[in-house]
Structure formats: structure tokens, C-alpha cells
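Coordinates from work-v9.txt are shown below (compact mmCIF, C-alpha atoms).
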# COMPACT_ATOMS: atom_id res chain seq x y z
CA MET B 26 114.85 -60.80 50.16
CA ALA B 27 116.24 -61.21 46.66
CA ASN B 28 115.01 -59.31 43.65
CA TYR B 29 115.21 -60.55 40.06
CA LYS B 30 116.69 -57.16 39.05
CA ASP B 31 119.74 -57.91 41.20
CA PHE B 32 120.48 -60.98 39.08
CA ILE B 33 120.06 -59.00 35.87
CA ASN B 34 122.24 -56.14 37.12
CA SER B 35 124.92 -58.60 38.19
CA VAL B 36 125.16 -60.04 34.66
CA LYS B 37 125.10 -56.72 32.75
CA PRO B 38 128.87 -56.17 33.23
CA GLU B 39 129.47 -59.53 31.52
CA PHE B 40 127.38 -58.41 28.56
CA GLU B 41 129.22 -55.09 28.45
CA LYS B 42 132.60 -56.83 28.65
CA ALA B 43 131.72 -59.14 25.74
CA PHE B 44 130.54 -56.17 23.68
CA ARG B 45 133.68 -54.10 24.40
CA PHE B 46 135.90 -57.06 23.50
CA PHE B 47 133.99 -57.47 20.23
CA GLU B 48 134.47 -53.76 19.46
CA GLY B 49 138.21 -54.16 20.02
CA GLU B 50 138.32 -57.19 17.74
CA LEU B 51 136.54 -55.24 15.01
CA GLN B 52 139.23 -52.59 15.07
CA LYS B 53 141.76 -55.26 14.15
CA ILE B 54 139.83 -56.12 10.99
CA ARG B 55 141.20 -53.98 8.21
CA THR B 56 138.97 -51.82 6.08
CA SER B 57 140.22 -49.47 3.37
CA ARG B 58 142.59 -47.54 5.68
CA ALA B 59 145.64 -48.55 7.66
CA SER B 60 145.26 -48.25 11.42
CA PRO B 61 147.66 -48.84 14.32
CA ALA B 62 144.95 -51.05 15.85
CA LEU B 63 145.70 -53.65 13.15
CA VAL B 64 149.11 -54.44 14.64
CA GLU B 65 149.37 -52.94 18.13
CA ASP B 66 148.39 -56.15 19.94
CA ILE B 67 150.62 -58.54 17.95
CA GLU B 68 152.66 -60.54 20.45
CA VAL B 69 156.42 -60.03 20.01
CA SER B 70 158.99 -62.32 21.66
CA ALA B 71 161.84 -60.25 23.07
CA PHE B 72 164.23 -61.08 25.91
CA GLY B 73 162.47 -64.37 26.59
CA GLN B 74 159.08 -62.70 27.14
CA LYS B 75 156.11 -61.75 25.00
CA PHE B 76 155.12 -58.12 24.67
CA PRO B 77 152.34 -56.44 22.68
CA LEU B 78 153.88 -54.48 19.81
CA LYS B 79 152.56 -51.17 21.20
CA GLN B 80 154.92 -51.56 24.18
CA LEU B 81 158.00 -51.88 21.98
CA GLY B 82 157.67 -48.89 19.68
CA ALA B 83 155.71 -46.00 18.22
CA ILE B 84 153.11 -46.99 15.62
CA SER B 85 151.90 -44.50 13.03
CA THR B 86 150.14 -44.43 9.64
CA PRO B 87 152.02 -42.18 7.20
CA SER B 88 149.64 -43.11 4.35
CA THR B 89 146.31 -44.91 3.89
CA ASN B 90 147.94 -48.25 3.04
CA GLN B 91 151.09 -48.12 5.18
CA ILE B 92 151.91 -48.55 8.85
CA ALA B 93 155.24 -47.38 10.26
CA ILE B 94 156.71 -48.83 13.45
CA GLN B 95 159.62 -47.09 15.12
CA PRO B 96 160.99 -49.42 17.83
CA TRP B 97 162.24 -47.83 21.06
CA ASP B 98 165.41 -49.93 20.71
CA ALA B 99 167.09 -51.20 17.52
CA SER B 100 167.36 -54.70 19.06
CA TYR B 101 163.55 -55.01 18.75
CA ILE B 102 163.57 -54.75 14.93
CA GLU B 103 164.20 -58.42 14.18
CA PRO B 104 161.69 -59.84 16.72
CA ILE B 105 159.03 -57.34 15.53
CA GLU B 106 159.64 -58.26 11.89
CA LYS B 107 159.36 -61.98 12.75
CA ALA B 108 156.15 -61.49 14.76
CA ILE B 109 154.51 -59.55 11.92
CA SER B 110 155.42 -62.18 9.33
CA GLN B 111 153.89 -64.89 11.58
CA SER B 112 150.75 -62.88 12.40
CA GLY B 113 148.82 -64.05 9.34
CA LEU B 114 147.78 -60.49 8.44
CA GLY B 115 149.31 -60.76 4.98
CA MET B 116 151.57 -57.73 5.40
CA SER B 117 155.10 -57.44 4.16
CA ALA B 118 157.56 -55.76 6.53
CA VAL B 119 160.37 -53.62 5.07
CA VAL B 120 163.12 -52.36 7.39
CA ASP B 121 164.21 -48.83 6.49
CA LYS B 122 167.06 -47.86 8.85
CA ASN B 123 165.34 -47.88 12.29
CA ILE B 124 161.77 -47.90 10.99
CA ILE B 125 159.72 -50.92 10.00
CA ARG B 126 157.27 -50.14 7.20
CA LEU B 127 154.28 -52.38 6.56
CA ASN B 128 152.63 -52.10 3.18
CA LEU B 129 149.08 -53.37 3.32
CA PRO B 130 147.86 -55.49 0.42
CA LEU B 131 145.04 -54.19 -1.74
CA LEU B 132 141.64 -55.36 -0.65
CA THR B 133 140.68 -57.90 -3.31
CA GLU B 134 137.17 -59.32 -3.47
CA GLU B 135 138.46 -62.63 -2.10
CA TYR B 136 140.22 -60.90 0.82
CA ARG B 137 137.10 -58.82 1.57
CA ASN B 138 134.99 -61.99 1.66
CA ALA B 139 137.50 -63.65 4.02
CA LEU B 140 137.38 -60.59 6.30
CA SER B 141 133.59 -60.65 6.17
CA LYS B 142 133.61 -64.30 7.24
CA THR B 143 136.01 -63.49 10.12
CA LEU B 144 133.68 -60.68 11.13
CA GLY B 145 130.76 -63.11 11.33
CA GLU B 146 132.81 -65.56 13.44
CA LYS B 147 133.81 -62.85 15.92
CA ALA B 148 130.20 -61.66 16.19
CA GLU B 149 129.06 -65.22 16.90
CA GLN B 150 131.71 -65.58 19.63
CA ALA B 151 130.46 -62.40 21.33
CA LYS B 152 126.86 -63.63 21.09
CA GLN B 153 127.85 -66.97 22.65
CA VAL B 154 129.41 -65.19 25.64
CA ILE B 155 126.21 -63.19 26.06
CA ARG B 156 124.05 -66.33 25.79
CA ARG B 157 126.15 -68.11 28.46
CA ALA B 158 125.84 -65.12 30.80
CA ARG B 159 122.08 -64.99 30.16
CA GLU B 160 121.79 -68.71 30.95
CA ASP B 161 123.70 -68.18 34.20
CA ALA B 162 121.45 -65.29 35.27
CA TRP B 163 118.31 -67.25 34.35
CA ASN B 164 119.48 -70.22 36.43
CA LYS B 165 120.02 -67.91 39.42
CA ILE B 166 116.54 -66.42 39.00
CA GLN B 167 114.99 -69.92 38.85
CA ALA B 168 116.97 -71.01 41.91
CA ALA B 169 115.77 -67.94 43.82
CA GLN B 170 112.17 -68.76 42.90
CA LYS B 171 112.59 -72.38 44.02
CA ALA B 172 114.07 -71.16 47.31
CA LYS B 173 110.96 -68.95 47.68
CA GLU B 174 113.11 -65.77 47.61
CA ILE B 175 111.10 -64.38 44.70
CA SER B 176 107.58 -65.13 43.46
CA GLU B 177 106.76 -66.96 40.26
CA ASP B 178 105.49 -63.71 38.73
CA GLU B 179 108.82 -62.05 39.51
CA LYS B 180 110.61 -65.02 37.95
CA PHE B 181 108.79 -64.51 34.64
CA ARG B 182 109.17 -60.71 34.81
CA GLY B 183 112.89 -61.36 35.36
CA LYS B 184 113.01 -63.68 32.36
CA ASP B 185 111.33 -61.06 30.13
CA GLU B 186 113.55 -58.22 31.37
CA LEU B 187 116.68 -60.36 31.02
CA GLN B 188 115.71 -61.17 27.44
CA LYS B 189 115.21 -57.44 26.69
CA VAL B 190 118.73 -56.68 27.91
CA VAL B 191 120.15 -59.56 25.85
CA ASP B 192 118.24 -58.38 22.78
CA ASP B 193 119.66 -54.86 23.22
CA PHE B 194 123.23 -56.18 23.25
CA GLN B 195 122.56 -58.51 20.31
CA GLU B 196 121.18 -55.51 18.38
CA LYS B 197 124.31 -53.48 19.20
CA ILE B 198 126.48 -56.30 17.88
CA LYS B 199 124.35 -56.62 14.74
CA ASN B 200 124.62 -52.87 14.07
CA LEU B 201 128.41 -52.94 14.48
CA VAL B 202 128.67 -55.91 12.10
CA GLU B 203 126.56 -54.13 9.45
CA LYS B 204 128.61 -50.95 9.78
CA LYS B 205 131.89 -52.86 9.44
CA LYS B 206 130.58 -54.88 6.47
CA ASN B 207 129.65 -51.65 4.72
CA GLU B 208 133.19 -50.38 5.31
CA LEU B 209 134.62 -53.61 3.91
CA LEU B 210 132.44 -53.85 0.85

Rendering of file as C-alpha cells:
Amino acid sequence: MANYKDFINSVKPEFEKAFRFFEGELQKIRTSRASPALVEDIEVSAFGQKFPLKQLGAISTPSTNQIAIQPWDASYIEPIEKAISQSGLGMSAVVDKNIIRLNLPLLTEEYRNALSKTLGEKAEQAKQVIRRAREDAWNKIQAAQKAKEISEDEKFRGKDELQKVVDDFQEKIKNLVEKKKNELL
């Protein structure tokens, strides 16, 4: 015999996955300090393949507005420099012997507003994933009720409990967005 809680528990990992992905995306949005997370996942073409930057060198932050990348091999310097210039992050790469230095631009009001808009878009994407997963779980609960596996009361209890879980994740996302906006502004 099915239980509505089984459907809710089966969808929770999807909610968690969407939230974790959103957290990772937030780390890539620059606030007032440089962070390796800003560049570590930039795709670099080397030897006919694409690699995340973190696999090709050591990334550090020697100062609050600078990122230093020390490639494992000198042959990676040019592809890394090209990937950074094409990333759209607005950073200028300067090669200093075997180290690539990225000087981050000052956060102007216009740039902060653009980052704030990007933040809102990423939050909406995470919420859409959660809504789709909720819809899927709700359809399964309704199908179980139609197949007489659960009662109508359990169906509505399932709907209410599912909505509580969704609301919790939406609240977590909202709190992260507010925290990041405060850092930006």
C-alpha cells in the first residue's frame, strides 16, 4: 500500500539538488571580495578537450580584488587567458611569468544592479526546478488516489505537506538572495 509521504520523500532530493546548485551559482556572483569560486568552473579548451579551470592550476586570492592562477603546466597559460577573456566576467588577465593575475573591476552601481538582476534570474531558475518537482510529486499522489492506493484524505494531507516542504525550500532561497543582495549593495 502506498503512502503519500513516500512520494514527498522521493522528491525531496530534487529540491535539495536544486538548492545546492543555486548555492553554487551564488558563489560565482562577485561581491566585494575576490574568490576562487568566481573562476574555478570556467571551461578551458586544452588538448582538444574542455577542462574546468580548477583542474589546470592553483587558484588563490593574494588581495581582495585580485585572483592569481598558477597553471600546472606553462602550455595552459594561453588557453586559460583566452577562456577568461571569453567568460564575460569583465576581468582583465595579466600574465606575469608563470602566473596569471586577474584584476577585478570596481563594483560600480551599474555593475551591482546587473549582478542583482542575475541573482534574481538564478533564484527564479531554482524555484522553477522546485515547482516542476512539486508538480511531478503531486501528479503521483493524485494517480495513487485514483488507483485507490491512498484515500482522498491522504491525498489532501499529501498536498498540504508537499506544499510545506516546497515553502521551506522557497524560503531558504529567498533568505540566500537577501543575504547576497546585502553583500552586493

Using all atoms listed in the file, which residues of range 34-153 of chain B come within 10 Å of range 159-166 of chain B, and what is the closest atom pair for each, with the distance in Å to one decimal? Give it as a Markdown table, sorted by chain and residue number.
| residue | atom | partner | partner_atom | distance |
| --- | --- | --- | --- | --- |
| B:Asn34 | CA | B:Ala162 | CA | 9.4 |
| B:Ser35 | CA | B:Ala162 | CA | 8.1 |
| B:Val36 | CA | B:Ala162 | CA | 6.5 |
| B:Lys37 | CA | B:Arg159 | CA | 9.2 |
| B:Glu39 | CA | B:Arg159 | CA | 9.3 |
| B:Phe40 | CA | B:Arg159 | CA | 8.6 |
| B:Gln153 | CA | B:Arg159 | CA | 9.7 |

Quick one: 3 Å padding each side, axis-aligned, all listed atoms of range 161-167 of chain B - centre and edge lengths in Å to one decimal, as JSON?
{"center_x": 119.3, "center_y": -67.8, "center_z": 36.8, "size_x": 14.7, "size_y": 10.9, "size_z": 11.2}

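With all atoms listed in the file as the atoms that count, the minimum distance from Val202 in chain B to the choices B:Gly145, B:Pro87, B:Gly183, B:Pro38 is reached by B:Gly145.
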
The distance between CA of Tyr101 in chain B and CA of Lys79 in chain B is 11.9 Å

Report task. For CA of Glu134 in chain B and CA of Lys205 in chain B, quote the distance in Å rounded to one decimal. Result ->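 Straight-line distance from CA of Glu134 in chain B to CA of Lys205 in chain B works out to 15.4 Å.
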
Who sits within 8 Å of Ser85 in chain B, all atoms listed in the file, same chain under 6 positions skipped, as a PyMOL selection string:
chain B and resi 60-61+92-94

Computed gap from CA of Lys147 in chain B to CA of Asp66 in chain B is 16.5 Å

Find the residue from B:Asn128, B:Arg156, B:Ile33, B:Val119 that sits nearest to Asp185 in chain B; use all atoms listed in the file when measuring.
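Smallest separation from Asp185 in chain B among the options: B:Ile33.
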
- prompt: Looking at only C-alpha atoms, which of B:Thr143, B:Ser117, B:Gln150, B:Gln188 is the one that sits closest to Asn90 in chain B?
  reply: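 Closest residue, counting only C-alpha atoms: B:Ser117.
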
Counting only C-alpha atoms, write as an MDAnalysis selection string all protein and nucleic acid residues lying at most 12 Å from (134.2, -57.2, 25.4) in the file's frame.
chainID B and resid 37:51 147:148 150:155 194 198

Exercise. Can you list, as an NGL selection string, every protein, DNA or RNA residue that comes within 12 Å of Val64 in chain B when you count all atoms listed in the file, leaving out same-chain residues fewer than 2 positions away?
Worked result: :B and (50 or 52-55 or 59-62 or 66-69 or 77-86 or 91-94 or 105-106 or 108-116 or 118 or 126-127 or 129)

- [ ] Could you tell me which of B:Ala168, B:Val191, B:Ala99, B:Leu209 comes closest to Ala139 in chain B if we count only C-alpha atoms?
- [x]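 Residue with the minimum atom-to-atom distance to Ala139 in chain B: B:Leu209.
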
Please fill the gaps in range 120-137 of chain B so it has N, CA and C atoms, and write that as an mmCIF file, in the coordinates of the input.
data_model
loop_
_atom_site.group_PDB
_atom_site.id
_atom_site.type_symbol
_atom_site.label_atom_id
_atom_site.label_comp_id
_atom_site.auth_asym_id
_atom_site.auth_seq_id
_atom_site.Cartn_x
_atom_site.Cartn_y
_atom_site.Cartn_z
ATOM 1 N N VAL B 120 162.352 -53.129 6.416
ATOM 2 C CA VAL B 120 163.120 -52.360 7.390
ATOM 3 C C VAL B 120 163.848 -51.247 6.642
ATOM 4 N N ASP B 121 163.599 -50.021 7.088
ATOM 5 C CA ASP B 121 164.210 -48.830 6.490
ATOM 6 C C ASP B 121 164.933 -48.094 7.608
ATOM 7 N N LYS B 122 166.236 -48.368 7.751
ATOM 8 C CA LYS B 122 167.060 -47.860 8.850
ATOM 9 C C LYS B 122 166.467 -48.358 10.175
ATOM 10 N N ASN B 123 165.918 -47.462 10.997
ATOM 11 C CA ASN B 123 165.340 -47.880 12.290
ATOM 12 C C ASN B 123 163.821 -47.887 12.281
ATOM 13 N N ILE B 124 163.233 -47.893 11.103
ATOM 14 C CA ILE B 124 161.770 -47.900 10.990
ATOM 15 C C ILE B 124 161.336 -49.140 10.205
ATOM 16 N N ILE B 125 160.302 -49.778 10.701
ATOM 17 C CA ILE B 125 159.720 -50.920 10.000
ATOM 18 C C ILE B 125 158.473 -50.409 9.293
ATOM 19 N N ARG B 126 158.436 -50.582 7.976
ATOM 20 C CA ARG B 126 157.270 -50.140 7.200
ATOM 21 C C ARG B 126 156.478 -51.363 6.755
ATOM 22 N N LEU B 127 155.181 -51.300 6.980
ATOM 23 C CA LEU B 127 154.280 -52.380 6.560
ATOM 24 C C LEU B 127 153.391 -51.853 5.461
ATOM 25 N N ASN B 128 153.495 -52.467 4.294
ATOM 26 C CA ASN B 128 152.630 -52.100 3.180
ATOM 27 C C ASN B 128 151.462 -53.073 3.162
ATOM 28 N N LEU B 129 150.271 -52.530 3.275
ATOM 29 C CA LEU B 129 149.080 -53.370 3.320
ATOM 30 C C LEU B 129 148.688 -53.792 1.913
ATOM 31 N N PRO B 130 148.288 -55.045 1.746
ATOM 32 C CA PRO B 130 147.860 -55.490 0.420
ATOM 33 C C PRO B 130 146.541 -54.823 0.035
ATOM 34 N N LEU B 131 146.314 -54.727 -1.273
ATOM 35 C CA LEU B 131 145.040 -54.190 -1.740
ATOM 36 C C LEU B 131 143.921 -55.130 -1.316
ATOM 37 N N LEU B 132 142.785 -54.554 -1.058
ATOM 38 C CA LEU B 132 141.640 -55.360 -0.650
ATOM 39 C C LEU B 132 140.972 -55.962 -1.890
ATOM 40 N N THR B 133 141.319 -57.202 -2.184
ATOM 41 C CA THR B 133 140.680 -57.900 -3.310
ATOM 42 C C THR B 133 139.314 -58.405 -2.849
ATOM 43 N N GLU B 134 138.505 -58.795 -3.787
ATOM 44 C CA GLU B 134 137.170 -59.320 -3.470
ATOM 45 C C GLU B 134 137.282 -60.548 -2.568
ATOM 46 N N GLU B 135 138.261 -61.408 -2.882
ATOM 47 C CA GLU B 135 138.460 -62.630 -2.100
ATOM 48 C C GLU B 135 138.855 -62.289 -0.655
ATOM 49 N N TYR B 136 139.754 -61.314 -0.509
ATOM 50 C CA TYR B 136 140.220 -60.900 0.820
ATOM 51 C C TYR B 136 139.066 -60.248 1.601
ATOM 52 N N ARG B 137 138.257 -59.455 0.918
ATOM 53 C CA ARG B 137 137.100 -58.820 1.570
ATOM 54 C C ARG B 137 136.118 -59.890 2.072
#
